[in-house]
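Q: This is the content of structure.cif (mmCIF, C-alpha atoms):
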```cif
data_upload
#
loop_
_atom_site.label_atom_id
_atom_site.label_comp_id
_atom_site.auth_asym_id
_atom_site.auth_seq_id
_atom_site.Cartn_x
_atom_site.Cartn_y
_atom_site.Cartn_z
CA MET Q 1 -40.63 -73.71 -87.35
CA ARG Q 2 -44.10 -72.27 -87.09
CA SER Q 3 -42.70 -69.19 -85.36
CA ASP Q 4 -40.60 -68.37 -88.44
CA LEU Q 5 -43.76 -66.62 -89.61
CA VAL Q 6 -43.00 -63.85 -87.14
CA LYS Q 7 -39.19 -64.09 -87.01
CA LYS Q 8 -37.64 -64.48 -90.45
CA GLY Q 9 -37.23 -62.33 -93.55
CA SER Q 10 -37.00 -58.64 -94.35
CA THR Q 11 -40.75 -58.19 -93.98
CA ARG Q 12 -40.43 -59.26 -90.35
CA ALA Q 13 -37.91 -56.57 -89.38
CA ALA Q 14 -40.53 -54.70 -87.35
CA HIS Q 15 -41.56 -57.95 -85.68
CA ARG Q 16 -37.97 -58.58 -84.65
CA SER Q 17 -37.74 -55.05 -83.26
CA LEU Q 18 -40.55 -55.89 -80.90
CA PHE Q 19 -38.82 -59.10 -79.83
CA TYR Q 20 -35.58 -57.15 -79.23
CA ALA Q 21 -37.56 -54.73 -77.07
CA LEU Q 22 -38.41 -57.68 -74.84
CA GLY Q 23 -34.76 -58.65 -74.48
CA PHE Q 24 -34.68 -61.45 -77.05
CA SER Q 25 -31.33 -62.19 -78.69
CA ASP Q 26 -30.60 -63.38 -82.21
CA GLU Q 27 -29.93 -66.82 -80.74
CA ASP Q 28 -33.33 -66.81 -79.04
CA LEU Q 29 -35.02 -66.17 -82.37
CA LYS Q 30 -33.45 -69.32 -83.81
CA LYS Q 31 -35.15 -71.47 -81.15
CA PRO Q 32 -38.77 -72.66 -80.82
CA LEU Q 33 -41.05 -70.19 -79.06
CA ILE Q 34 -43.04 -71.99 -76.38
CA ALA Q 35 -46.10 -70.44 -74.76
CA VAL Q 36 -46.45 -71.07 -71.04
CA VAL Q 37 -50.20 -70.61 -70.65
CA ASN Q 38 -50.61 -69.82 -66.97
CA SER Q 39 -54.05 -69.52 -65.36
CA GLN Q 40 -52.68 -68.22 -62.04
CA THR Q 41 -55.06 -65.98 -60.14
CA ASP Q 42 -55.26 -64.86 -56.54
CA ILE Q 43 -59.00 -65.60 -56.29
CA ILE Q 44 -58.76 -69.40 -56.81
CA ALA Q 45 -57.12 -71.50 -54.11
CA GLY Q 46 -56.28 -74.11 -56.73
CA HIS Q 47 -54.34 -71.56 -58.76
CA ALA Q 48 -52.63 -69.38 -56.17
CA HIS Q 49 -49.35 -71.31 -56.50
CA LEU Q 50 -49.23 -71.65 -60.29
CA ASP Q 51 -46.60 -68.93 -60.74
CA ASP Q 52 -44.12 -71.22 -58.99
CA GLN Q 53 -45.10 -74.06 -61.29
CA ALA Q 54 -44.79 -71.83 -64.38
CA LYS Q 55 -41.26 -70.90 -63.30
CA MET Q 56 -40.26 -74.56 -63.20
CA VAL Q 57 -41.85 -75.19 -66.60
CA LYS Q 58 -39.74 -72.35 -67.99
CA TYR Q 59 -36.58 -73.90 -66.54
CA GLY Q 60 -37.42 -77.12 -68.36
CA ILE Q 61 -38.06 -75.35 -71.65
CA LEU Q 62 -34.79 -73.43 -71.40
CA ALA Q 63 -32.82 -76.56 -70.55
CA ALA Q 64 -34.23 -78.34 -73.60
CA GLY Q 65 -33.37 -75.49 -75.99
CA GLY Q 66 -36.65 -73.60 -76.25
CA VAL Q 67 -37.66 -70.05 -75.38
CA PRO Q 68 -40.47 -69.85 -72.79
CA ILE Q 69 -42.95 -66.99 -73.07
CA GLU Q 70 -45.64 -66.73 -70.43
CA VAL Q 71 -49.16 -65.73 -71.44
CA PRO Q 72 -52.30 -65.59 -69.27
CA ALA Q 73 -55.58 -67.45 -69.15
CA ILE Q 74 -58.59 -66.45 -67.07
CA GLY Q 75 -60.15 -68.60 -64.38
CA LEU Q 76 -63.24 -68.63 -62.19
CA CYS Q 77 -63.63 -70.46 -58.89
CA ASP Q 78 -66.80 -72.55 -59.07
CA GLY Q 79 -66.95 -72.69 -55.28
CA ILE Q 80 -66.96 -68.93 -54.81
CA ALA Q 81 -69.27 -68.41 -57.81
CA MET Q 82 -71.77 -70.95 -56.46
CA GLY Q 83 -75.21 -70.09 -55.10
CA HIS Q 84 -75.63 -66.60 -56.55
CA GLU Q 85 -75.68 -64.69 -59.84
CA GLY Q 86 -72.04 -65.55 -60.40
CA MET Q 87 -72.87 -69.18 -61.22
CA LYS Q 88 -73.96 -68.08 -64.70
CA TYR Q 89 -70.34 -67.51 -65.67
CA PRO Q 90 -68.09 -70.53 -64.99
CA LEU Q 91 -69.35 -72.74 -67.83
CA ALA Q 92 -69.33 -69.84 -70.26
CA SER Q 93 -65.74 -69.15 -69.19
CA ARG Q 94 -64.71 -72.53 -70.62
CA GLU Q 95 -65.31 -71.20 -74.12
CA LEU Q 96 -63.68 -67.86 -73.28
CA ILE Q 97 -60.57 -69.72 -72.12
CA ALA Q 98 -60.38 -71.79 -75.30
CA ASP Q 99 -60.99 -68.73 -77.49
CA SER Q 100 -58.43 -66.55 -75.73
CA ILE Q 101 -55.73 -69.23 -75.94
CA GLU Q 102 -56.48 -69.69 -79.64
CA ALA Q 103 -56.13 -65.93 -80.20
CA GLN Q 104 -52.83 -65.68 -78.35
CA ILE Q 105 -51.23 -68.78 -79.84
CA ASN Q 106 -52.21 -68.13 -83.45
CA GLY Q 107 -51.73 -64.38 -83.19
CA HIS Q 108 -48.10 -64.85 -82.17
CA ALA Q 109 -47.36 -68.07 -84.12
CA PHE Q 110 -46.04 -70.05 -81.16
CA ASP Q 111 -44.37 -73.38 -81.90
CA GLY Q 112 -45.74 -75.20 -78.86
CA MET Q 113 -47.30 -74.66 -75.47
CA VAL Q 114 -47.39 -75.90 -71.90
CA LEU Q 115 -50.82 -75.38 -70.38
CA ILE Q 116 -51.08 -74.84 -66.63
CA PRO Q 117 -54.66 -75.21 -65.36
CA ASN Q 118 -56.09 -76.61 -62.16
CA CYS Q 119 -59.81 -76.05 -61.71
CA ASP Q 120 -63.22 -76.99 -63.02
CA LYS Q 121 -63.70 -75.17 -66.34
CA ILE Q 122 -60.07 -74.21 -66.91
CA VAL Q 123 -58.86 -77.77 -67.57
CA PRO Q 124 -61.50 -78.59 -70.22
CA GLY Q 125 -61.17 -75.12 -71.76
CA MET Q 126 -57.45 -75.66 -72.23
CA LEU Q 127 -57.96 -79.19 -73.60
CA MET Q 128 -60.41 -77.74 -76.12
CA ALA Q 129 -57.80 -75.17 -77.14
CA ALA Q 130 -55.11 -77.84 -77.51
CA LEU Q 131 -57.20 -79.84 -79.96
CA ARG Q 132 -58.44 -76.78 -81.80
CA LEU Q 133 -54.92 -75.40 -82.33
CA ASN Q 134 -53.29 -78.83 -82.79
CA ILE Q 135 -49.74 -77.72 -82.09
CA PRO Q 136 -47.38 -79.60 -79.71
CA ALA Q 137 -48.74 -79.24 -76.18
CA VAL Q 138 -48.22 -80.64 -72.69
CA PHE Q 139 -50.45 -80.17 -69.64
CA CYS Q 140 -48.97 -79.47 -66.24
CA SER Q 141 -51.77 -79.06 -63.72
CA GLY Q 142 -51.29 -77.55 -60.29
CA GLY Q 143 -52.22 -80.64 -58.28
CA PRO Q 144 -54.86 -81.37 -55.64
CA MET Q 145 -55.19 -79.74 -52.25
CA LEU Q 146 -54.40 -81.74 -49.14
CA PRO Q 147 -57.44 -82.67 -47.06
CA GLY Q 148 -58.10 -80.67 -43.94
CA ARG Q 149 -58.24 -82.25 -40.48
CA TYR Q 150 -61.12 -81.95 -38.03
CA GLU Q 151 -61.46 -83.96 -34.83
CA GLY Q 152 -58.88 -86.46 -36.06
CA LYS Q 153 -60.47 -87.06 -39.46
CA ASP Q 154 -59.69 -85.94 -43.01
CA ILE Q 155 -62.22 -83.48 -44.40
CA SER Q 156 -62.63 -81.38 -47.54
CA ILE Q 157 -64.81 -78.62 -48.98
CA SER Q 158 -67.76 -81.04 -49.22
CA THR Q 159 -67.67 -81.33 -45.43
CA THR Q 160 -68.25 -77.59 -45.21
CA PHE Q 161 -71.19 -77.72 -47.62
CA GLU Q 162 -72.72 -80.47 -45.51
CA ALA Q 163 -72.00 -78.58 -42.30
CA ALA Q 164 -73.87 -75.55 -43.63
CA GLY Q 165 -76.93 -77.74 -44.15
CA ARG Q 166 -76.58 -79.22 -40.67
CA PHE Q 167 -76.37 -75.73 -39.20
CA GLU Q 168 -79.51 -74.61 -41.05
CA ALA Q 169 -81.25 -77.73 -39.73
CA GLY Q 170 -80.22 -76.85 -36.18
CA LYS Q 171 -77.96 -79.91 -35.80
CA ILE Q 172 -74.75 -77.97 -35.08
CA ASP Q 173 -74.14 -74.49 -33.67
CA LYS Q 174 -72.38 -71.54 -35.26
CA ALA Q 175 -69.14 -72.21 -33.40
CA GLU Q 176 -68.85 -75.73 -34.84
CA LEU Q 177 -69.67 -74.49 -38.32
CA SER Q 178 -66.90 -71.92 -37.98
CA ARG Q 179 -64.39 -74.54 -36.84
CA ILE Q 180 -65.21 -76.78 -39.80
CA GLU Q 181 -65.03 -74.03 -42.41
CA ARG Q 182 -61.62 -72.94 -41.14
CA CYS Q 183 -60.23 -76.48 -41.32
CA SER Q 184 -61.54 -77.94 -44.57
CA CYS Q 185 -59.22 -76.19 -47.05
CA PRO Q 186 -55.70 -76.05 -45.58
CA GLY Q 187 -53.86 -74.53 -48.54
CA CYS Q 188 -53.29 -74.33 -52.28
CA GLY Q 189 -54.49 -76.88 -54.80
CA SER Q 190 -57.74 -78.03 -56.38
CA CYS Q 191 -60.22 -79.16 -53.70
CA ALA Q 192 -59.02 -82.39 -52.08
CA GLY Q 193 -61.77 -84.75 -53.26
CA LEU Q 194 -62.64 -86.13 -56.68
CA PHE Q 195 -64.60 -83.11 -57.81
CA THR Q 196 -64.60 -81.86 -61.41
CA ALA Q 197 -61.14 -80.25 -61.30
CA ASN Q 198 -59.31 -83.30 -60.02
CA THR Q 199 -61.33 -85.62 -62.23
CA MET Q 200 -60.39 -83.63 -65.33
CA ASN Q 201 -56.74 -83.41 -64.27
CA CYS Q 202 -56.68 -87.20 -63.89
CA LEU Q 203 -58.37 -87.70 -67.25
CA THR Q 204 -55.83 -85.36 -68.88
CA GLU Q 205 -53.27 -87.93 -67.79
CA VAL Q 206 -55.38 -90.76 -69.23
CA LEU Q 207 -55.82 -88.88 -72.52
CA GLY Q 208 -52.05 -88.83 -72.83
CA MET Q 209 -51.65 -85.06 -72.52
CA GLY Q 210 -50.25 -84.95 -68.97
CA LEU Q 211 -47.25 -86.72 -67.46
CA PRO Q 212 -47.84 -89.58 -64.98
CA GLY Q 213 -48.79 -88.10 -61.62
CA ASN Q 214 -50.23 -84.95 -63.18
CA GLY Q 215 -53.65 -85.54 -61.67
CA THR Q 216 -52.76 -86.87 -58.23
CA ILE Q 217 -49.48 -85.44 -56.87
CA PRO Q 218 -50.61 -82.94 -54.21
CA ALA Q 219 -49.95 -79.25 -54.81
CA ALA Q 220 -48.21 -79.03 -51.43
CA PHE Q 221 -45.60 -81.59 -52.53
CA GLN Q 222 -43.50 -78.81 -54.00
CA GLY Q 223 -40.48 -80.90 -54.91
CA ASP Q 224 -42.49 -83.52 -56.78
CA ARG Q 225 -44.57 -80.89 -58.60
CA ALA Q 226 -41.43 -78.90 -59.50
CA ARG Q 227 -39.83 -81.97 -61.06
CA LEU Q 228 -43.03 -82.71 -62.95
CA ALA Q 229 -43.18 -79.11 -64.22
CA LYS Q 230 -39.56 -79.10 -65.41
CA LYS Q 231 -40.16 -82.41 -67.19
CA ALA Q 232 -43.25 -80.92 -68.87
CA GLY Q 233 -41.12 -78.04 -70.16
CA GLU Q 234 -38.49 -80.40 -71.52
CA THR Q 235 -41.15 -82.61 -73.07
CA VAL Q 236 -42.84 -79.89 -75.11
CA VAL Q 237 -39.57 -78.96 -76.81
CA ARG Q 238 -39.12 -82.58 -77.85
CA LEU Q 239 -42.70 -82.67 -79.13
CA VAL Q 240 -42.00 -79.60 -81.29
CA LYS Q 241 -39.03 -81.38 -82.85
CA GLU Q 242 -41.00 -84.59 -83.39
CA GLN Q 243 -44.25 -82.80 -84.33
CA LEU Q 244 -46.35 -85.12 -82.22
CA LEU Q 245 -49.66 -83.26 -82.05
CA PRO Q 246 -52.71 -83.34 -79.74
CA ARG Q 247 -54.89 -84.93 -82.41
CA ASP Q 248 -52.34 -87.74 -82.73
CA ILE Q 249 -52.74 -88.34 -78.99
CA MET Q 250 -56.37 -87.54 -78.17
CA THR Q 251 -57.97 -90.08 -80.50
CA MET Q 252 -61.32 -91.82 -80.10
CA ASN Q 253 -59.59 -94.70 -78.33
CA ALA Q 254 -57.96 -92.24 -75.92
CA PHE Q 255 -61.36 -90.75 -75.12
CA LYS Q 256 -62.76 -94.23 -74.54
CA ASN Q 257 -59.90 -94.83 -72.12
CA ALA Q 258 -60.77 -91.59 -70.36
CA ILE Q 259 -64.44 -92.54 -70.00
CA THR Q 260 -63.43 -95.98 -68.72
CA VAL Q 261 -61.17 -94.55 -66.02
CA ASP Q 262 -63.83 -91.97 -65.18
CA MET Q 263 -66.27 -94.81 -64.48
CA ALA Q 264 -63.71 -96.78 -62.50
CA ILE Q 265 -62.84 -93.93 -60.16
CA GLY Q 266 -66.39 -92.57 -59.88
CA GLY Q 267 -65.40 -89.17 -61.24
CA SER Q 268 -67.46 -86.02 -61.51
CA SER Q 269 -70.66 -86.31 -63.50
CA ASN Q 270 -69.56 -83.08 -65.21
CA THR Q 271 -67.19 -85.16 -67.32
CA ALA Q 272 -70.23 -86.05 -69.42
CA LEU Q 273 -70.45 -82.33 -70.13
CA HIS Q 274 -66.76 -81.65 -70.76
CA LEU Q 275 -65.40 -84.71 -72.58
CA PRO Q 276 -67.88 -84.39 -75.49
CA ALA Q 277 -67.03 -80.68 -75.84
CA ILE Q 278 -63.31 -81.48 -75.91
CA ALA Q 279 -63.75 -84.30 -78.43
CA HIS Q 280 -65.87 -82.01 -80.62
CA GLU Q 281 -62.77 -79.89 -81.27
CA ALA Q 282 -61.22 -82.93 -83.00
CA GLY Q 283 -64.40 -83.75 -84.91
CA LEU Q 284 -65.19 -86.68 -82.64
CA LYS Q 285 -68.59 -87.47 -81.11
CA LEU Q 286 -69.04 -88.84 -77.61
CA PRO Q 287 -72.78 -89.50 -77.13
CA LEU Q 288 -74.10 -90.24 -73.67
CA SER Q 289 -74.95 -93.71 -74.91
CA LEU Q 290 -71.20 -94.36 -75.11
CA PHE Q 291 -70.79 -93.34 -71.46
CA ASP Q 292 -73.62 -95.72 -70.57
CA LYS Q 293 -72.15 -98.59 -72.61
CA ILE Q 294 -68.71 -98.19 -71.00
CA SER Q 295 -70.19 -97.80 -67.52
CA LYS Q 296 -72.00 -101.12 -67.78
CA LYS Q 297 -68.75 -103.05 -68.27
CA THR Q 298 -66.38 -101.06 -66.05
CA PRO Q 299 -65.93 -101.99 -62.36
CA TYR Q 300 -66.01 -99.23 -59.76
CA LEU Q 301 -62.63 -99.42 -58.02
CA THR Q 302 -62.23 -96.31 -55.83
CA LYS Q 303 -64.44 -94.50 -53.35
CA LEU Q 304 -63.26 -90.91 -53.13
CA SER Q 305 -64.78 -87.82 -51.54
CA PRO Q 306 -67.40 -86.40 -52.04
CA GLY Q 307 -68.91 -89.84 -52.62
CA GLY Q 308 -66.58 -91.66 -50.24
CA PHE Q 309 -64.00 -91.41 -47.50
CA HIS Q 310 -60.67 -91.16 -49.37
CA HIS Q 311 -59.05 -88.08 -50.93
CA MET Q 312 -56.66 -87.43 -53.80
CA ILE Q 313 -53.57 -87.85 -51.63
CA ASP Q 314 -54.79 -91.38 -50.87
CA LEU Q 315 -55.19 -92.14 -54.58
CA ASN Q 316 -51.68 -90.82 -55.18
CA GLU Q 317 -50.27 -93.03 -52.40
CA ALA Q 318 -52.17 -96.02 -53.79
CA GLY Q 319 -50.39 -95.86 -57.16
CA GLY Q 320 -52.32 -93.11 -58.88
CA ILE Q 321 -54.07 -93.22 -62.21
CA SER Q 322 -51.43 -95.52 -63.73
CA ALA Q 323 -52.30 -98.19 -61.15
CA VAL Q 324 -56.01 -97.81 -61.88
CA MET Q 325 -55.40 -98.17 -65.61
CA ASN Q 326 -53.15 -101.18 -65.20
CA GLU Q 327 -55.78 -102.88 -63.06
CA LEU Q 328 -58.48 -102.16 -65.65
CA SER Q 329 -56.23 -103.52 -68.39
CA LYS Q 330 -56.55 -106.96 -66.79
CA LEU Q 331 -60.10 -107.01 -68.17
CA GLY Q 332 -59.01 -105.65 -71.55
CA LEU Q 333 -60.74 -102.33 -70.84
CA ILE Q 334 -57.78 -100.07 -71.67
CA ASN Q 335 -56.47 -99.50 -75.18
CA LYS Q 336 -52.73 -99.76 -74.60
CA SER Q 337 -51.69 -98.56 -78.05
CA CYS Q 338 -52.71 -94.93 -77.46
CA LYS Q 339 -49.88 -92.42 -77.69
CA THR Q 340 -48.86 -90.02 -74.93
CA VAL Q 341 -46.73 -86.87 -74.66
CA THR Q 342 -44.03 -88.99 -73.02
CA GLY Q 343 -43.28 -90.66 -76.34
CA LYS Q 344 -44.41 -93.98 -74.87
CA THR Q 345 -47.73 -95.71 -75.36
CA ILE Q 346 -50.24 -95.97 -72.54
CA GLY Q 347 -49.39 -99.68 -72.29
CA ALA Q 348 -45.70 -98.98 -71.78
CA LEU Q 349 -46.43 -96.31 -69.17
CA ILE Q 350 -48.70 -98.41 -66.99
CA LYS Q 351 -47.20 -101.89 -67.30
CA ASN Q 352 -45.19 -101.65 -64.07
CA ALA Q 353 -47.78 -99.69 -62.07
CA VAL Q 354 -49.02 -101.49 -58.97
CA ILE Q 355 -51.67 -100.88 -56.34
CA THR Q 356 -49.83 -100.03 -53.13
CA ARG Q 357 -52.93 -99.34 -51.01
CA PRO Q 358 -55.63 -101.90 -51.73
CA ASP Q 359 -57.88 -100.09 -49.27
CA VAL Q 360 -57.99 -97.19 -51.78
CA ILE Q 361 -57.91 -98.93 -55.16
CA ARG Q 362 -59.76 -102.22 -55.24
CA THR Q 363 -58.95 -104.99 -57.69
CA VAL Q 364 -61.16 -105.89 -60.63
CA GLU Q 365 -61.97 -109.13 -58.80
CA ASP Q 366 -63.19 -107.23 -55.74
CA PRO Q 367 -64.68 -103.89 -56.89
CA TYR Q 368 -67.15 -101.75 -55.00
CA ARG Q 369 -69.55 -102.69 -57.77
CA LYS Q 370 -69.25 -104.36 -61.16
CA THR Q 371 -70.50 -101.31 -63.05
CA GLY Q 372 -69.15 -97.77 -63.20
CA GLY Q 373 -69.57 -94.92 -60.76
CA ILE Q 374 -71.60 -92.83 -63.20
CA ALA Q 375 -74.93 -93.88 -64.72
CA VAL Q 376 -76.89 -92.49 -67.67
CA LEU Q 377 -80.65 -92.47 -67.10
CA THR Q 378 -83.40 -92.25 -69.70
CA GLY Q 379 -87.14 -92.02 -69.32
CA ASN Q 380 -90.16 -89.75 -69.46
CA ILE Q 381 -88.71 -87.22 -66.99
CA ALA Q 382 -85.36 -87.16 -68.82
CA PRO Q 383 -86.12 -87.63 -72.52
CA MET Q 384 -82.64 -86.32 -73.48
CA CYS Q 385 -80.93 -88.42 -70.75
CA SER Q 386 -79.58 -87.45 -67.35
CA VAL Q 387 -76.32 -88.30 -65.62
CA VAL Q 388 -75.99 -89.33 -61.97
CA LYS Q 389 -73.36 -90.80 -59.67
CA GLU Q 390 -74.18 -94.32 -58.57
CA ARG Q 391 -73.90 -95.30 -54.93
CA PRO Q 392 -71.95 -98.52 -54.40
CA LYS Q 393 -73.52 -101.12 -52.13
CA ARG Q 394 -70.35 -101.57 -50.09
CA LEU Q 395 -69.76 -98.43 -48.07
CA THR Q 396 -67.79 -99.77 -45.14
CA ARG Q 397 -64.26 -98.51 -44.76
CA ALA Q 398 -61.58 -101.18 -45.15
CA MET Q 399 -59.49 -101.40 -41.95
#
```
Using the file provided, produce a representation of the structure as structure tokens.

A:
Amino acid sequence: MRSDLVKKGSTRAAHRSLFYALGFSDEDLKKPLIAVVNSQTDIIAGHAHLDDQAKMVKYGILAAGGVPIEVPAIGLCDGIAMGHEGMKYPLASRELIADSIEAQINGHAFDGMVLIPNCDKIVPGMLMAALRLNIPAVFCSGGPMLPGRYEGKDISISTTFEAAGRFEAGKIDKAELSRIERCSCPGCGSCAGLFTANTMNCLTEVLGMGLPGNGTIPAAFQGDRARLAKKAGETVVRLVKEQLLPRDIMTMNAFKNAITVDMAIGGSSNTALHLPAIAHEAGLKLPLSLFDKISKKTPYLTKLSPGGFHHMIDLNEAGGISAVMNELSKLGLINKSCKTVTGKTIGALIKNAVITRPDVIRTVEDPYRKTGGIAVLTGNIAPMCSVVKERPKRLTRAM
């Protein structure tokens, strides 16, 4: 085991003393040491519940014969950092997250890790670390927030941003603004729409690094998320034994799958910023021209907030990311041979997935549009390219 570097031999007597000080037994030191990389923080709504999830991950690791050891990762809330000097820091924190995980994992010679992110820069930072370190790893995200309710309709954080603009324009009064801002975020989880955090959590699933449901099961569904977390803990111990590594899973074909699904669900345009940075850690290049090429042949199947009227809970009820991938596979757009942390290929995972809410996930025969939800633009005002979300022509809600 990799951790034998810090556990075995006479020259590691002092190392063992430090393990004994933590309550480790001789039996513990014969088992794989698994880092539980927890980005819990009280300042991010998407992360406030991650201690509960980490506990369940530990149960899974223990049950499978590993030793869980929790270590921290920092996190910034893009929403709170937005609109002031603080916005300089979230993107830079992505690299800090990757660097700090690298330092902790290599410094202590862990055998494997379960990474628990949930928000914008934390997910890509952890994916970068997984590829850089290339030791067995499983992602177990915290899950999306439920939408809020206002005047009988589902709303999310984007509703509050829009309400602020309406207030400044004199279209609503302060009392209505206050009612909306108190309703839009009802509890823990990454903001309820398909913003960067939820997009990246879904694409982690597509890349093969998260278990099915990782990106869409709501944070408030504690039982479902607990089972997912325990399974993640069990899975990483198996991966250590099999030595199935992130670079075996996150191949070029896996990244092409991720871009394809990104286009089909109309994900955050920030994926064009994060996916190339993640791939770079494996020595892979994802030029914007590849995003453009994939977008032109991928149908746009879902219409989620902030660009539409559905939320992540709707996508979960509709069959989740597996249903989206299975639908796309009908056009040969998904590489089914890609490996996943489950031990199964993508093809095996998605073959029985079905769309259970056709109002949320359209078929490839009846998409919102025949090209993807993200477009790459070139021209004299964007000589190095620009990335925008495309607006589908069909905006009416299916009844």

Q: Evaluating the PyMOL selection byres ((chain Q and resi 217-227) around 7) on the displayed file yields which residues, as a PyMOL selection string?

A: chain Q and resi 53+56+142-146+188-189+213-216+228-231+313+316

Q: Write the selection just made, keeping C-alpha atoms, as a short mmCIF file (atom, residue, chain, number, x, y, z; two decimals), keeping the file's coordinate frame?

A:
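For reference, result.cif as written:
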```cif
data_model
loop_
_atom_site.label_atom_id
_atom_site.label_comp_id
_atom_site.auth_asym_id
_atom_site.auth_seq_id
_atom_site.Cartn_x
_atom_site.Cartn_y
_atom_site.Cartn_z
CA GLN Q 53 -45.10 -74.06 -61.29
CA MET Q 56 -40.26 -74.56 -63.20
CA GLY Q 142 -51.29 -77.55 -60.29
CA GLY Q 143 -52.22 -80.64 -58.28
CA PRO Q 144 -54.86 -81.37 -55.64
CA MET Q 145 -55.19 -79.74 -52.25
CA LEU Q 146 -54.40 -81.74 -49.14
CA CYS Q 188 -53.29 -74.33 -52.28
CA GLY Q 189 -54.49 -76.88 -54.80
CA GLY Q 213 -48.79 -88.10 -61.62
CA ASN Q 214 -50.23 -84.95 -63.18
CA GLY Q 215 -53.65 -85.54 -61.67
CA THR Q 216 -52.76 -86.87 -58.23
CA LEU Q 228 -43.03 -82.71 -62.95
CA ALA Q 229 -43.18 -79.11 -64.22
CA LYS Q 230 -39.56 -79.10 -65.41
CA LYS Q 231 -40.16 -82.41 -67.19
CA ILE Q 313 -53.57 -87.85 -51.63
CA ASN Q 316 -51.68 -90.82 -55.18
#
```

Q: If I take CA of Asn253 (chain Q) and CA of Glu102 (chain Q), how far is one from the other in Å, to one decimal?

A: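 CA of Asn253 (chain Q) sits 25.2 Å away from CA of Glu102 (chain Q).
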
Q: Applied to this file, what does the PyMOL selection byres ((chain Q and resi 255-267) around 9) return in terms of residues, put as a PyMOL selection string?

A: chain Q and resi 194-196+198-200+202-207+250-254+268-272+275+279+286+290-291+294-295+297-304+307+321+324-325+328+333-335+338+361+371-375+389-390

Q: If you measure from CA of Gly125 (chain Q) to CA of Pro212 (chain Q), what distance in Å do you get, rounded to one decimal?

A: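 According to the coordinates, CA of Gly125 (chain Q) and CA of Pro212 (chain Q) are separated by 20.8 Å.
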
Q: Select, from Q:Met312, Q:Ile43, Q:Ile249, Q:Leu18, the residue with the minimum atom-to-atom distance to Ser337 (chain Q), counting all atoms listed in the file.

A: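 Counting all atoms listed in the file, the residue closest to Ser337 (chain Q) is Q:Ile249.
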
Q: Kindly indicate which residue among Q:Ser386, Q:Asn118, Q:Asn326, Q:Thr235 lies nearest to Thr41 (chain Q), using only C-alpha atoms for the distances.

A: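 Closest to Thr41 (chain Q) of all the choices is Q:Asn118.
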
Q: Have a look at CA of Ala98 (chain Q) and CA of Asp78 (chain Q) and let me know their distance in Å, one decimal.

A: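 Rounded to one decimal, the two atoms are 17.5 Å apart.
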
Q: To box region 333-343 of chain Q, take all atoms listed in the file, fit an axis-aligned box, add 4 Å on each side, and give centre and edge lengths in Å to one decimal, as AutoDock Vina command-line options.

A:
```
--center_x -52.0 --center_y -94.6 --center_z -74.4 --size_x 25.5 --size_y 23.5 --size_z 15.2
```

Q: Report as a list in words all protein, DNA and RNA residues lying within 8 Å of Val6 (chain Q), evaluated on only C-alpha atoms, omitting residues in the same chain fewer than 2 positions from it.

A: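 So, after excluding close chain neighbours, the residues are Ser3, Asp4, Lys8, Arg12, His15, Arg16, His108 and Ala109 of chain Q.
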
Q: So, with only C-alpha atoms as the atoms that count, which of Q:Leu22, Q:Ala130, Q:Val240, Q:Ala318 lies closest to Ala353 (chain Q)?

A: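 Result for the nearest residue to Ala353 (chain Q): Q:Ala318.
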
Q: Give the answer as one residue: which of Q:Val57, Q:Ala175, Q:Ala169, Q:Leu96 has the shortest atom-to-atom distance to Cys140 (chain Q), using all atoms listed in the file?

A: Q:Val57

Q: So which one's closest to Val114 (chain Q), Q:Gly75, Q:Gly66, Q:Pro367, Q:Gly148? Using only C-alpha atoms, please.

A: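 Closest to Val114 (chain Q) of all the choices is Q:Gly66.
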
Q: So which residues are close to (-33.2, -74.2, -71.9), meaning at most 12 Å away in the file's coordinates with all atoms listed in the file counted, and can you show them as a ChimeraX atom specification?

A: /Q:27-28,31-34,56-68,230-231,233-238

Q: Any chance you could export the current selection's C-alpha atoms as a compact mmCIF listing (two decimals), in the frame of the given file?

A:
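Generated output (out-v3.txt):
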```txt
# COMPACT_ATOMS: atom_id res chain seq x y z
CA GLU Q 27 -29.93 -66.82 -80.74
CA ASP Q 28 -33.33 -66.81 -79.04
CA LYS Q 31 -35.15 -71.47 -81.15
CA PRO Q 32 -38.77 -72.66 -80.82
CA LEU Q 33 -41.05 -70.19 -79.06
CA ILE Q 34 -43.04 -71.99 -76.38
CA MET Q 56 -40.26 -74.56 -63.20
CA VAL Q 57 -41.85 -75.19 -66.60
CA LYS Q 58 -39.74 -72.35 -67.99
CA TYR Q 59 -36.58 -73.90 -66.54
CA GLY Q 60 -37.42 -77.12 -68.36
CA ILE Q 61 -38.06 -75.35 -71.65
CA LEU Q 62 -34.79 -73.43 -71.40
CA ALA Q 63 -32.82 -76.56 -70.55
CA ALA Q 64 -34.23 -78.34 -73.60
CA GLY Q 65 -33.37 -75.49 -75.99
CA GLY Q 66 -36.65 -73.60 -76.25
CA VAL Q 67 -37.66 -70.05 -75.38
CA PRO Q 68 -40.47 -69.85 -72.79
CA LYS Q 230 -39.56 -79.10 -65.41
CA LYS Q 231 -40.16 -82.41 -67.19
CA GLY Q 233 -41.12 -78.04 -70.16
CA GLU Q 234 -38.49 -80.40 -71.52
CA THR Q 235 -41.15 -82.61 -73.07
CA VAL Q 236 -42.84 -79.89 -75.11
CA VAL Q 237 -39.57 -78.96 -76.81
CA ARG Q 238 -39.12 -82.58 -77.85
```

Q: Just checking: using all atoms listed in the file, which residue out of Q:Glu162, Q:Asp154, Q:Gly79, Q:Phe139 ends up closest to Asn38 (chain Q)?

A: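 Among the listed residues, the smallest separation from Asn38 (chain Q) belongs to Q:Phe139.
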